[in-house]
Amino acid sequence: MSLNATSELPEPVAGLIGKLRKRGAKTIALQFPEGLKRKAAGIAAALRDAGFEVIVSGDPCYGACDLALGMLEYADVLVHFGHAPVDERQDVICEPYPVGFDITVLEKAIPLLGGARAGLVTTVQHAHLVPVMEAFLKAHGVAVEVAGGSGRTPLPGQVLGCSFEAAKIPGADTILFVGTGRFHPTGIALATGKRVIALDPLAGTVGEVTAEALLRRRFAAIEKARKASTIGILVSSKSGQNRIRLARQLAGLGGPGGNAVLVMMCEVSPGELLNLGFGAYVNTACPRLAYDDQVRFPVPVLSPPEYEILRGVRSWDEYTIDEI
């Protein structure tokens, strides 16, 4: 297997047409996450040239948990780009959009690993390179392990913003995260309690990531929520984010005056939370909402474990990140 991953990736339509024809599909619905929406026009044109009628979803999309299943009323198959499948369906095709990089960038992370036994994780965009990354690290003397795929993260070594299961590797002293952004490595640190090294393979930057800053912000949100006179328990109507059972359990913990009210929403937005007027909310939709978007919301939005801390059924020492 070559360790050079810089070659041009094929347009995702190349293998897709055969899958669509095998299903006998004539009208195709396309769904893209925000980072890939600009690919929509070109991919739609290629499918039209192949003889398909195409409808593109213009709504926001946050992952494979957010499938535009309503479009299947108008199309034979929904093609969801950018993510691995969470649930297998005959009328839904998930097409990951792989992003390559020069594998030698991993050399920058090796000194920070310090000879530790390391777990290797990444996001779906780079998951196709996990075998190559593993081979490269082992060739450079790093004792590295990769967890197999399961559940919401079907690809080996894959993590999501709502699932860090692949990072929970027994015996690993350090977790090497290869990908962009700070949320995933911060979540890994909280979910595992282990040292986390984050390598951005596109920018070429590397460093240790801790959860201390996030924990300070979350402690402040919990304390602010103690002053709320009303609590709304947010429930997502999205098929892959709906946790109504958990929401009911949290509502059973009570709130100010003994009450906490279930609030079902499709899109959790600052404006809608302001209009609803609750003093604080508990989020059972996409876990990242409470962590990434708190600065946008008009009042505290707590995660389920944080609400348990607020209600006294969990201690601060038992703090954990919310996962689905």
# chains A, B, ... in the order shown; residues from 1 in each chain; ligands from 1
$ residues_around --residues "stretch 123-136 of chain A" --least-positions-apart "3" --cutoff "7 Å" --atoms "only C-alpha atoms" --output "list in words"
Leu3, His83, Ala84, Pro96, Tyr97, Pro98, Val99, Gly100, Ile103, Ala139, His140, Val144, Leu155, Gly157, Gln158, Val159, Leu160 and Gly179 of chain A
$ residues_around --residues "A:Ile231" --least-positions-apart "2" --cutoff "6 Å" --atoms "only C-alpha atoms" --output "PDB file with C-alpha atoms, in the first residue's frame"
ATOM      1  CA  ALA A 260     -39.576  20.829  33.218  1.00  0.00           C
ATOM      2  CA  PHE A 278     -37.732  29.527  28.931  1.00  0.00           C
ATOM      3  CA  ALA A 280     -32.790  27.655  30.448  1.00  0.00           C
ATOM      4  CA  TYR A 281     -32.884  24.604  28.199  1.00  0.00           C
TER       5      TYR A 281
END
$ closest_residue --among "A:Gly119, A:Gly240, A:Gly35, A:Pro287" --to "A:Gly82" --atoms "only C-alpha atoms"
A:Gly35
$ select_by_dssp --residues "stretch 55-114 of chain A" --states "strand (DSSP E)" --output "ChimeraX atom specification"
/A:55-56,77-81,92-95
$ select_by_dssp --residues "stretch 164-250 of chain A" --states "alpha helix (DSSP H)" --output "PyMOL selection string"
chain A and resi 183-192+212-225+244-250
$ residues_around --residues "A:His80" --least-positions-apart "2" --cutoff "7 Å" --atoms "only C-alpha atoms" --output "list of chain:residue names"
A:Leu30, A:Gln31, A:Phe32, A:Leu78, A:Gly82, A:Ile93, A:Cys94, A:Glu95
$ residues_around --residues "A:Phe164" --least-positions-apart "6" --cutoff "9 Å" --atoms "only C-alpha atoms" --output "list in words"
Thr153, Gln158, His184, Gly187, Ile188, Ala191, Thr192 and Glu323 of chain A
$ closest_residue --among "A:Pro33, A:Pro170, A:Gly18, A:Pro60" --to "A:Ser269" --atoms "only C-alpha atoms"
A:Pro60
$ atom_distance --atom1 "atom CA of A:Thr230" --atom2 "atom CA of A:Leu214"
24.9 Å
$ closest_residue --among "A:Thr104, A:Gln249, A:Ser303, A:Asn275" --to "A:Thr320" --atoms "only C-alpha atoms"
A:Ser303
$ closest_residue --among "A:Tyr62, A:Tyr307, A:Phe52, A:Phe297" --to "A:Lys238" --atoms "only C-alpha atoms"
A:Tyr62
$ residues_around --residues "A:Ala118" --least-positions-apart "5" --cutoff "7 Å" --atoms "only C-alpha atoms" --output "JSON, numbers by chain"
{"A": [143, 144, 145, 172, 173, 174, 175, 176]}
$ closest_residue --among "A:Ile28, A:Ile43, A:Leu276, A:Val146" --to "A:Asp76" --atoms "only C-alpha atoms"
A:Ile28
$ closest_residue --among "A:Cys266, A:Val206, A:Ala14, A:Ile309" --to "A:Cys61" --atoms "only C-alpha atoms"
A:Cys266
$ residues_around --residues "A:Ala203" --least-positions-apart "6" --cutoff "12 Å" --atoms "only C-alpha atoms" --output "PyMOL selection string"
chain A and resi 101-102+105-106+108+178-181
$ write_last_selection --atoms "N, CA and C atoms" --output "compact mmCIF listing (two decimals), in the first residue's frame"
# COMPACT_ATOMS: atom_id res chain seq x y z
N PHE A 101 -4.48 13.80 2.01
CA PHE A 101 -3.39 14.69 2.42
C PHE A 101 -2.09 13.91 2.37
N ASP A 102 -0.98 14.63 2.47
CA ASP A 102 0.34 14.00 2.45
C ASP A 102 0.59 13.31 3.79
N VAL A 105 2.92 14.22 6.87
CA VAL A 105 2.64 15.24 7.89
C VAL A 105 2.55 14.61 9.28
N LEU A 106 2.32 13.30 9.33
CA LEU A 106 2.26 12.60 10.62
C LEU A 106 3.58 12.67 11.39
N LYS A 108 5.14 15.16 12.20
CA LYS A 108 5.09 16.27 13.16
C LYS A 108 4.51 15.83 14.50
N VAL A 178 -6.45 12.94 14.14
CA VAL A 178 -6.04 13.55 12.88
C VAL A 178 -7.27 14.15 12.22
N GLY A 179 -7.31 15.47 12.17
CA GLY A 179 -8.47 16.15 11.59
C GLY A 179 -8.42 17.63 11.92
N THR A 180 -9.44 18.36 11.48
CA THR A 180 -9.48 19.81 11.69
C THR A 180 -10.38 20.15 12.87
N GLY A 181 -10.18 21.34 13.42
CA GLY A 181 -11.05 21.83 14.49
C GLY A 181 -10.61 21.36 15.86
$ atom_distance --atom1 "atom CA of A:Ser57" --atom2 "atom CA of A:Gly42"
14.3 Å
